[in-house]
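Coordinates as given in my_file-v2.cif (mmCIF, C-alpha atoms):
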data_structure
#
loop_
_atom_site.label_atom_id
_atom_site.label_comp_id
_atom_site.auth_asym_id
_atom_site.auth_seq_id
_atom_site.Cartn_x
_atom_site.Cartn_y
_atom_site.Cartn_z
CA MET A 1 -0.10 24.44 27.19
CA LYS A 2 -1.02 24.51 23.49
CA LYS A 3 -0.62 20.77 23.28
CA LYS A 4 -3.32 20.30 25.86
CA GLN A 5 -5.82 22.97 24.87
CA ALA A 6 -7.41 21.28 21.87
CA PHE A 7 -8.37 18.16 23.73
CA LEU A 8 -9.22 19.85 27.02
CA VAL A 9 -11.90 21.77 25.12
CA ILE A 10 -13.39 18.42 24.17
CA CYS A 11 -13.21 17.24 27.76
CA SER A 12 -15.03 20.36 28.87
CA ILE A 13 -17.99 19.73 26.56
CA GLY A 14 -18.79 16.41 28.08
CA ILE A 15 -16.60 13.68 26.65
CA ALA A 16 -15.88 11.40 29.53
CA ILE A 17 -12.14 11.11 29.04
CA LEU A 18 -10.41 11.37 32.38
CA LEU A 19 -8.56 14.63 32.92
CA SER A 20 -5.56 12.62 34.02
CA ALA A 21 -5.52 10.97 30.62
CA CYS A 22 -5.75 14.35 28.97
CA GLY A 23 -2.68 15.47 30.86
CA SER A 24 -0.64 12.32 30.34
CA ARG A 25 -0.37 12.23 26.54
CA SER A 26 0.94 14.40 23.78
CA LEU A 27 -2.40 15.71 22.59
CA GLN A 28 -1.45 18.05 19.80
CA LYS A 29 -3.47 17.40 16.67
CA ASP A 30 -1.57 16.80 13.46
CA VAL A 31 -2.77 19.78 11.44
CA SER A 32 0.38 20.60 9.50
CA VAL A 33 0.38 20.07 5.76
CA ALA A 34 3.24 17.67 5.15
CA ASP A 35 4.46 16.97 1.63
CA PRO A 36 4.86 13.18 1.55
CA VAL A 37 6.82 13.39 -1.71
CA ALA A 38 9.66 15.13 0.12
CA ILE A 39 9.87 12.60 2.95
CA ALA A 40 11.69 9.27 2.70
CA PRO A 41 9.77 6.08 3.49
CA SER A 42 9.81 5.44 7.22
CA SER A 43 12.04 2.67 8.57
CA GLN A 44 9.50 2.07 11.36
CA PHE A 45 7.40 -0.15 9.09
CA LYS A 46 9.92 -2.74 7.93
CA GLN A 47 7.57 -5.58 8.88
CA TYR A 48 5.09 -4.34 6.23
CA THR A 49 7.08 -5.45 3.21
CA ALA A 50 4.34 -4.77 0.66
CA ALA A 51 4.11 -1.05 1.46
CA HIS A 52 6.16 2.07 1.94
CA TYR A 53 4.93 4.53 4.57
CA TYR A 54 5.28 8.32 4.29
CA LEU A 55 4.33 10.68 7.10
CA SER A 56 1.43 12.85 5.97
CA SER A 57 -1.30 15.04 7.50
CA TRP A 58 -5.04 15.13 8.13
CA LYS A 59 -5.25 18.06 5.73
CA ASN A 60 -3.92 15.82 2.98
CA LEU A 61 -6.89 13.47 3.24
CA PRO A 62 -9.37 14.32 0.46
CA GLY A 63 -12.88 14.57 1.88
CA TRP A 64 -11.87 13.97 5.51
CA GLU A 65 -14.01 16.83 6.78
CA SER A 66 -16.98 15.62 4.75
CA ASP A 67 -17.06 12.06 6.10
CA SER A 68 -20.41 11.56 7.83
CA PHE A 69 -18.80 9.09 10.27
CA ASP A 70 -22.01 7.02 10.38
CA ASP A 71 -21.09 3.56 11.72
CA ALA A 72 -17.39 4.53 11.83
CA TRP A 73 -17.31 4.53 15.63
CA SER A 74 -19.10 1.19 15.76
CA ALA A 75 -16.57 -0.27 13.31
CA TRP A 76 -13.72 1.12 15.43
CA GLN A 77 -15.15 -0.58 18.51
CA LYS A 78 -15.24 -3.89 16.63
CA SER A 79 -11.54 -3.56 15.88
CA CYS A 80 -11.11 -2.92 19.60
CA GLN A 81 -12.69 -6.31 20.29
CA TYR A 82 -9.75 -7.81 18.40
CA TRP A 83 -7.08 -5.73 20.11
CA MET A 84 -8.41 -6.34 23.60
CA LYS A 85 -7.76 -10.05 23.06
CA SER A 86 -4.23 -9.40 21.77
CA ASN A 87 -1.00 -8.36 23.46
CA GLN A 88 -0.85 -4.98 21.68
CA VAL A 89 -0.82 -2.65 24.66
CA GLU A 90 -0.79 0.64 22.72
CA TRP A 91 -3.96 -0.26 20.82
CA GLN A 92 -5.59 -1.50 24.05
CA GLU A 93 -4.93 1.81 25.78
CA LEU A 94 -6.58 3.74 22.96
CA CYS A 95 -9.56 1.38 23.00
CA LYS A 96 -9.96 1.96 26.74
CA GLU A 97 -9.82 5.71 26.19
CA SER A 98 -12.45 5.50 23.48
CA GLN A 99 -14.81 3.55 25.75
CA LYS A 100 -15.11 6.71 27.85
CA ILE A 101 -16.43 8.67 24.88
CA ASN A 102 -20.04 9.00 23.80
CA ALA A 103 -19.13 9.64 20.18
CA VAL A 104 -22.59 10.39 18.81
CA ASP A 105 -21.25 13.62 17.33
CA LYS A 106 -18.94 13.17 14.35
CA LYS A 107 -16.75 16.04 15.54
CA ILE A 108 -16.12 14.26 18.83
CA ALA A 109 -15.11 11.07 17.03
CA LYS A 110 -12.89 12.95 14.59
CA ASP A 111 -11.23 14.85 17.42
CA PHE A 112 -10.39 11.53 19.05
CA PHE A 113 -8.58 10.29 15.95
CA GLU A 114 -6.90 13.63 15.21
CA THR A 115 -5.65 13.80 18.79
CA PHE A 116 -4.26 10.31 19.31
CA PHE A 117 -3.37 9.25 15.75
CA GLN A 118 -1.34 10.46 12.82
CA VAL A 119 -1.61 9.94 9.07
CA TRP A 120 0.73 7.79 6.98
CA GLU A 121 0.43 7.71 3.20
CA ILE A 122 0.83 4.19 1.78
CA ARG A 123 2.69 3.53 -1.45
CA GLN A 124 3.56 0.44 -3.41
CA ALA A 125 6.79 -1.21 -2.24
CA LYS A 126 7.10 -3.19 -5.47
CA ASP A 127 5.62 -3.29 -8.96
CA GLN A 128 2.00 -4.45 -8.69
CA ASN A 129 0.11 -5.09 -11.93
CA GLN A 130 -0.10 -1.73 -13.69
CA TYR A 131 1.03 0.13 -10.56
CA SER A 132 4.78 0.65 -10.31
CA LYS A 133 6.96 0.68 -7.22
CA GLY A 134 6.54 3.97 -5.36
CA SER A 135 3.07 4.68 -6.75
CA ASN A 136 0.48 6.04 -4.32
CA GLN A 137 -2.30 4.51 -6.42
CA GLY A 138 -3.62 0.96 -6.51
CA LEU A 139 -6.57 -1.26 -7.25
CA ILE A 140 -9.72 -1.07 -5.12
CA THR A 141 -12.24 -3.86 -5.63
CA GLY A 142 -15.42 -4.68 -3.73
CA TYR A 143 -17.02 -7.64 -2.01
CA TYR A 144 -20.29 -8.40 -0.27
CA GLU A 145 -22.25 -11.03 1.61
CA PRO A 146 -24.52 -12.94 -0.79
CA ILE A 147 -28.07 -13.89 0.13
CA ILE A 148 -29.17 -16.98 -1.81
CA LYS A 149 -32.43 -18.90 -1.68
CA GLY A 150 -31.89 -22.48 -0.63
CA SER A 151 -32.99 -25.56 1.25
CA LEU A 152 -31.62 -27.87 3.93
CA THR A 153 -32.51 -30.82 1.72
CA ARG A 154 -32.00 -31.57 -1.96
CA GLN A 155 -35.30 -30.89 -3.65
CA GLY A 156 -36.85 -29.16 -6.64
CA VAL A 157 -34.59 -26.44 -8.05
CA TYR A 158 -32.14 -26.77 -5.16
CA GLN A 159 -29.55 -29.12 -6.62
CA THR A 160 -26.19 -27.43 -5.90
CA PRO A 161 -24.69 -28.26 -2.49
CA LEU A 162 -22.53 -26.17 -0.17
CA TYR A 163 -20.22 -28.30 1.96
CA LYS A 164 -18.49 -28.39 5.31
CA PRO A 165 -14.88 -29.64 5.26
CA PRO A 166 -14.16 -33.38 5.45
CA PRO A 167 -13.20 -34.68 8.92
CA GLY A 168 -9.52 -34.19 9.69
CA TRP A 169 -8.79 -31.75 6.90
CA ASN A 170 -8.43 -28.76 9.22
CA ALA A 171 -5.88 -30.72 11.27
CA SER A 172 -3.48 -30.26 8.33
CA PRO A 173 -4.37 -26.74 7.19
CA GLY A 174 -1.52 -26.35 4.70
CA LYS A 175 -1.89 -29.65 2.89
CA VAL A 176 -2.89 -29.34 -0.76
CA ARG A 177 -6.04 -31.36 -1.46
CA PRO A 178 -7.70 -32.47 -4.71
CA THR A 179 -9.01 -29.81 -7.09
CA ARG A 180 -12.64 -28.70 -7.33
CA SER A 181 -13.24 -30.98 -10.31
CA GLU A 182 -11.63 -33.96 -8.58
CA LEU A 183 -13.55 -33.41 -5.35
CA LEU A 184 -16.92 -33.20 -7.05
CA LYS A 185 -16.25 -36.31 -9.16
CA SER A 186 -15.23 -38.34 -6.10
CA ARG A 187 -17.35 -39.35 -3.11
CA ALA A 188 -15.12 -37.47 -0.66
CA LEU A 189 -17.80 -34.85 0.06
CA LYS A 190 -20.83 -37.15 0.26
CA GLY A 191 -22.78 -36.54 3.47
CA LEU A 192 -21.07 -33.20 4.15
CA GLU A 193 -23.77 -31.04 2.54
CA ILE A 194 -24.90 -28.10 4.67
CA ALA A 195 -27.50 -26.67 2.30
CA TRP A 196 -28.61 -26.81 -1.32
CA VAL A 197 -29.03 -23.82 -3.64
CA GLU A 198 -30.35 -23.34 -7.16
CA ASP A 199 -27.55 -21.59 -8.98
CA PRO A 200 -24.04 -23.13 -9.19
CA VAL A 201 -22.57 -19.78 -10.25
CA ALA A 202 -24.10 -18.05 -7.21
CA ALA A 203 -22.63 -20.84 -5.06
CA ALA A 204 -19.21 -20.22 -6.64
CA PHE A 205 -19.48 -16.50 -5.95
CA MET A 206 -20.32 -17.28 -2.32
CA GLN A 207 -17.16 -19.36 -2.17
CA ILE A 208 -15.14 -16.41 -3.48
CA GLN A 209 -16.75 -14.08 -0.93
CA GLY A 210 -16.10 -16.66 1.80
CA SER A 211 -19.44 -16.28 3.57
CA GLY A 212 -23.12 -15.73 2.93
CA LYS A 213 -26.71 -16.18 3.97
CA ILE A 214 -29.12 -18.86 2.80
CA LEU A 215 -32.77 -17.78 2.77
CA LEU A 216 -34.69 -20.95 3.55
CA GLU A 217 -38.23 -21.66 2.40
CA ASN A 218 -39.56 -21.05 5.92
CA LYS A 219 -38.05 -17.52 5.67
CA LYS A 220 -35.38 -18.29 8.25
CA ILE A 221 -31.78 -17.30 7.55
CA LEU A 222 -28.96 -19.83 7.66
CA ARG A 223 -25.71 -17.95 8.03
CA LEU A 224 -22.56 -19.57 6.68
CA GLY A 225 -18.96 -18.62 7.40
CA TYR A 226 -15.63 -19.62 5.97
CA ALA A 227 -14.32 -22.99 7.19
CA GLY A 228 -11.28 -23.66 5.00
CA THR A 229 -10.26 -24.63 1.49
CA ASN A 230 -8.57 -27.42 -0.44
CA ASN A 231 -5.47 -25.15 -0.54
CA GLN A 232 -5.37 -25.08 -4.30
CA THR A 233 -4.26 -21.82 -5.92
CA PHE A 234 -7.13 -19.49 -6.79
CA VAL A 235 -7.65 -19.00 -10.52
CA SER A 236 -10.13 -16.40 -11.71
CA PHE A 237 -12.86 -17.86 -13.89
CA ALA A 238 -13.49 -14.29 -15.01
CA GLN A 239 -10.00 -14.35 -16.47
CA TRP A 240 -10.77 -17.76 -18.01
CA LEU A 241 -13.76 -16.23 -19.79
CA ILE A 242 -11.60 -13.38 -21.04
CA ASN A 243 -8.90 -15.79 -22.25
CA GLN A 244 -11.58 -17.86 -24.00
CA LYS A 245 -12.78 -14.65 -25.68
CA GLN A 246 -16.23 -15.18 -24.19
CA LEU A 247 -16.22 -11.83 -22.40
CA THR A 248 -14.17 -8.66 -22.54
CA TYR A 249 -12.41 -7.30 -19.45
CA ALA A 250 -15.17 -4.69 -19.05
CA GLN A 251 -17.89 -7.37 -19.26
CA ALA A 252 -16.30 -9.75 -16.76
CA SER A 253 -18.19 -8.52 -13.69
CA MET A 254 -20.31 -10.79 -11.50
CA GLN A 255 -23.36 -9.69 -13.44
CA GLY A 256 -21.65 -10.30 -16.78
CA ILE A 257 -20.49 -13.75 -15.71
CA SER A 258 -23.96 -14.68 -14.46
CA ASP A 259 -25.50 -13.55 -17.74
CA TRP A 260 -22.96 -15.59 -19.71
CA ALA A 261 -23.73 -18.68 -17.60
CA LYS A 262 -27.47 -18.37 -18.27
CA LYS A 263 -26.75 -18.28 -22.02
CA ASN A 264 -24.22 -21.12 -21.88
CA PRO A 265 -25.48 -23.63 -19.28
CA GLU A 266 -23.61 -26.50 -20.95
CA ARG A 267 -20.26 -24.77 -20.25
CA VAL A 268 -20.85 -23.67 -16.66
CA ASN A 269 -18.94 -26.56 -15.08
CA GLU A 270 -16.08 -26.08 -17.51
CA MET A 271 -15.88 -22.44 -16.41
CA LEU A 272 -16.12 -23.21 -12.69
CA ASN A 273 -13.52 -25.98 -12.91
CA ALA A 274 -11.04 -23.46 -14.31
CA ASN A 275 -10.64 -22.47 -10.66
CA PRO A 276 -9.23 -25.49 -8.78
CA ARG A 277 -9.79 -23.84 -5.40
CA PHE A 278 -12.78 -25.05 -3.36
CA VAL A 279 -14.11 -23.33 -0.24
CA PHE A 280 -15.90 -25.00 2.66
CA PHE A 281 -18.37 -23.43 5.06
CA LYS A 282 -19.61 -23.75 8.61
CA VAL A 283 -22.92 -22.71 10.14
CA LEU A 284 -22.38 -19.67 12.32
CA GLU A 285 -23.75 -19.72 15.83
CA SER A 286 -27.11 -18.12 16.47
CA SER A 287 -25.35 -15.62 18.74
CA VAL A 288 -24.16 -13.83 15.59
CA SER A 289 -26.72 -11.11 14.96
CA PRO A 290 -28.39 -11.18 11.54
CA LEU A 291 -27.80 -7.43 11.49
CA ASP A 292 -24.04 -7.89 11.73
CA GLY A 293 -21.88 -8.47 8.71
CA PRO A 294 -19.89 -11.67 8.19
CA ILE A 295 -16.96 -12.39 10.46
CA GLY A 296 -13.72 -10.99 9.06
CA SER A 297 -10.25 -12.47 9.33
CA ILE A 298 -9.57 -10.78 12.68
CA GLY A 299 -12.65 -12.44 14.19
CA VAL A 300 -15.06 -9.48 14.33
CA PRO A 301 -18.21 -8.72 12.30
CA LEU A 302 -17.67 -6.55 9.25
CA THR A 303 -19.47 -3.22 8.85
CA ALA A 304 -20.90 -2.21 5.48
CA TRP A 305 -19.01 0.73 3.96
CA ARG A 306 -16.57 0.74 6.89
CA SER A 307 -14.63 -2.52 6.58
CA ILE A 308 -11.97 -3.43 4.04
CA ALA A 309 -9.85 -6.47 3.27
CA VAL A 310 -6.14 -5.74 2.85
CA ASP A 311 -2.79 -7.44 2.53
CA TRP A 312 -1.42 -8.08 6.05
CA GLN A 313 2.03 -7.39 4.60
CA SER A 314 0.82 -3.84 4.00
CA ILE A 315 -1.40 -2.71 6.88
CA PRO A 316 -1.72 -3.72 10.57
CA ARG A 317 -4.69 -5.92 11.46
CA GLY A 318 -7.69 -3.90 12.58
CA ALA A 319 -6.11 -0.52 11.87
CA PRO A 320 -8.07 2.56 10.79
CA VAL A 321 -7.42 3.37 7.14
CA TYR A 322 -8.55 6.31 5.06
CA ILE A 323 -9.62 5.38 1.53
CA SER A 324 -10.07 7.64 -1.49
CA THR A 325 -11.60 6.08 -4.59
CA THR A 326 -14.80 6.32 -6.66
CA ASP A 327 -18.20 4.65 -6.70
CA PRO A 328 -18.26 2.00 -9.45
CA GLN A 329 -21.71 3.00 -10.66
CA THR A 330 -21.76 6.80 -10.31
CA THR A 331 -17.99 7.54 -10.39
CA GLN A 332 -18.61 9.98 -7.54
CA ALA A 333 -15.90 10.26 -4.90
CA LEU A 334 -15.90 7.51 -2.26
CA GLN A 335 -13.76 8.89 0.58
CA ARG A 336 -14.10 7.69 4.16
CA LEU A 337 -12.55 6.18 7.25
CA VAL A 338 -12.54 2.39 7.07
CA PHE A 339 -10.95 -0.44 9.07
CA ALA A 340 -8.63 -3.25 8.00
CA GLN A 341 -10.69 -6.14 9.39
CA ASP A 342 -10.32 -8.77 6.68
CA THR A 343 -7.94 -10.21 4.11
CA GLY A 344 -8.08 -12.47 1.07
CA SER A 345 -5.79 -14.50 -1.16
CA ALA A 346 -6.34 -12.13 -4.10
CA ILE A 347 -5.62 -8.99 -2.04
CA ILE A 348 -1.91 -8.48 -2.63
CA GLY A 349 0.08 -5.25 -2.57
CA GLY A 350 0.60 -2.03 -0.67
CA VAL A 351 -2.15 0.15 -2.13
CA ARG A 352 -4.73 -2.63 -2.49
CA ALA A 353 -8.09 -3.06 -0.78
CA ASP A 354 -11.39 -4.91 -1.09
CA PHE A 355 -14.24 -2.65 0.03
CA TYR A 356 -17.08 -4.38 1.91
CA TRP A 357 -20.44 -3.13 0.57
CA GLY A 358 -22.79 -5.13 2.82
CA SER A 359 -25.34 -7.90 2.18
CA GLY A 360 -27.75 -8.66 -0.64
CA ASP A 361 -28.26 -7.89 -4.30
CA ALA A 362 -27.71 -4.11 -4.18
CA ALA A 363 -24.39 -4.59 -2.41
CA GLY A 364 -23.51 -7.36 -4.85
CA ASP A 365 -24.22 -5.07 -7.79
CA LYS A 366 -21.75 -2.51 -6.42
CA ALA A 367 -19.14 -5.10 -5.51
CA GLY A 368 -19.36 -6.90 -8.84
CA LYS A 369 -18.61 -3.73 -10.80
CA MET A 370 -15.89 -2.31 -8.58
CA LYS A 371 -12.43 -2.16 -10.18
CA GLN A 372 -11.44 1.36 -9.22
CA VAL A 373 -8.20 3.27 -8.84
CA GLY A 374 -7.69 4.42 -5.27
CA ARG A 375 -5.34 5.65 -2.55
CA LEU A 376 -4.88 4.56 1.07
CA TRP A 377 -3.58 6.19 4.24
CA ALA A 378 -2.95 4.26 7.45
CA ILE A 379 -4.20 6.03 10.59
CA LEU A 380 -1.86 4.84 13.34
CA PRO A 381 -1.30 5.70 17.03
CA LYS A 382 1.18 8.45 17.78
CA SER A 383 2.34 6.45 20.77
CA MET A 384 3.47 3.60 18.52
CA TYR A 385 4.89 5.57 15.58
CA PRO A 386 5.99 9.00 16.88
#
Turn this file's structure into structure tokens for me.
Amino acid sequence: MKKKQAFLVICSIGIAILLSACGSRSLQKDVSVADPVAIAPSSQFKQYTAAHYYLSSWKNLPGWESDSFDDAWSAWQKSCQYWMKSNQVEWQELCKESQKINAVDKKIAKDFFETFFQVWEIRQAKDQNQYSKGSNQGLITGYYEPIIKGSLTRQGVYQTPLYKPPPGWNASPGKVRPTRSELLKSRALKGLEIAWVEDPVAAAFMQIQGSGKILLENKKILRLGYAGTNNQTFVSFAQWLINQKQLTYAQASMQGISDWAKKNPERVNEMLNANPRFVFFKVLESSVSPLDGPIGSIGVPLTAWRSIAVDWQSIPRGAPVYISTTDPQTTQALQRLVFAQDTGSAIIGGVRADFYWGSGDAAGDKAGKMKQVGRLWAILPKSMYP
């Protein structure tokens, strides 16, 4: 009976989970304090070659009880949109259960996760930069959705184009195409301009982010999403600036790079061409709400402060993840439930995440400065990983 009592209390206070469901699952919350150091990595996660998984506990999550859970339930439901279109039955069952819950109270939402999920500490499966194999620490960076002033036509200050991919390129998605420099020198992209913006560095940052909003002169928003690349290897122009001794590692943030570009306009193209990769965009349908974040790699809108990009060789698509790191500006603890709804070519490793801050300049300021040490825990269904 103890296994049922915790969740039946929730049922009795008005959560609309069917009593039959309450009686059909193992509903004991994971409240034991497990020492992950003493437990060998689980063999259940062999498909996630970038990570080692260690069974842990809710009590081992720093700040779990303090998470406000604002927007967390909404972000969970967006992951459910992905799973309901997949063949992953276990995730679908949990999504159906959660649809019966009016999780306006953070305790109700937390009880749902504590009842049906368990905690797995993630560690590095191989040496990753300064983080050695077996480490439970890794690099946490940030990203955002830029908002740039622009025009649908080339005029005035708007001289830098953003392009859609050439016809037929997406039919051969793995084929390596000409570099950024080669593309812009040729006529291959002529007539493929979607919009024009003022700042070539801001355009390059939008390519790195993979999406963004163009604020047109009539105050309307043109929303752009990722539509492919030339399949060249990404090279950091921040690293190029460091190698050229133009900036130090600490200075090579988005803000630092933008400031350098303003002081060295004659070298901007040289800097940007250091990265041969070129990203193309598409105009997102009007059905995408301007209040939603950009569409992540699993096909659902991202949620500010609740979505992360991860290595798919580390964490299941869409999965809840608990993150513990620090704010890049205040160094205060940043600890919360997030969801693995995106990925990126630079996001490699077990304990590695890109934290989505939202849209606009304030989010960009956070994202551009974020190079924090952090830890990750995967929050996975008990039914799948008992």
Q. What separation in Å, quoted to one decimal, exists between CA of Thr153 (chain A) and CA of Lys190 (chain A)?
A.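 Atom-to-atom, CA of Thr153 (chain A) and CA of Lys190 (chain A) are spaced 13.4 Å apart.
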Q: Give the answer as one residue: which of A:Leu376, A:Ala188, A:Ala75, A:Met384 has the shortest atom-to-atom distance to Tyr53 (chain A), using all atoms listed in the file?
A: A:Leu376
Q: May I ask which of the residues A:Gln313, A:Gln44, A:Ser66, A:Asn60 is the closest one to Arg336 (chain A), counting all atoms listed in the file?
A: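 Selected residue with least distance to Arg336 (chain A): A:Ser66.
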Q | Top pick for closest residue to Thr326 (chain A), considering A:Gln209, A:Gly156, A:Val283, A:Gly142 and counting all atoms listed in the file | A |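 Of all the options, A:Gly142 lies closest to Thr326 (chain A).
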Q: Fewer than 2 positions away in the same chain doesn't count, so skip those; otherwise give me all residues within 12 Å of Ala252 (chain A), counting all atoms listed in the file, as a VMD selection string.
A: chain A and resid 236 to 250 254 to 261 368 to 371
Q. What does the distance between CA of Gln207 (chain A) and CA of Ser79 (chain A) come to in Å, to one decimal place?
A. 24.6 Å
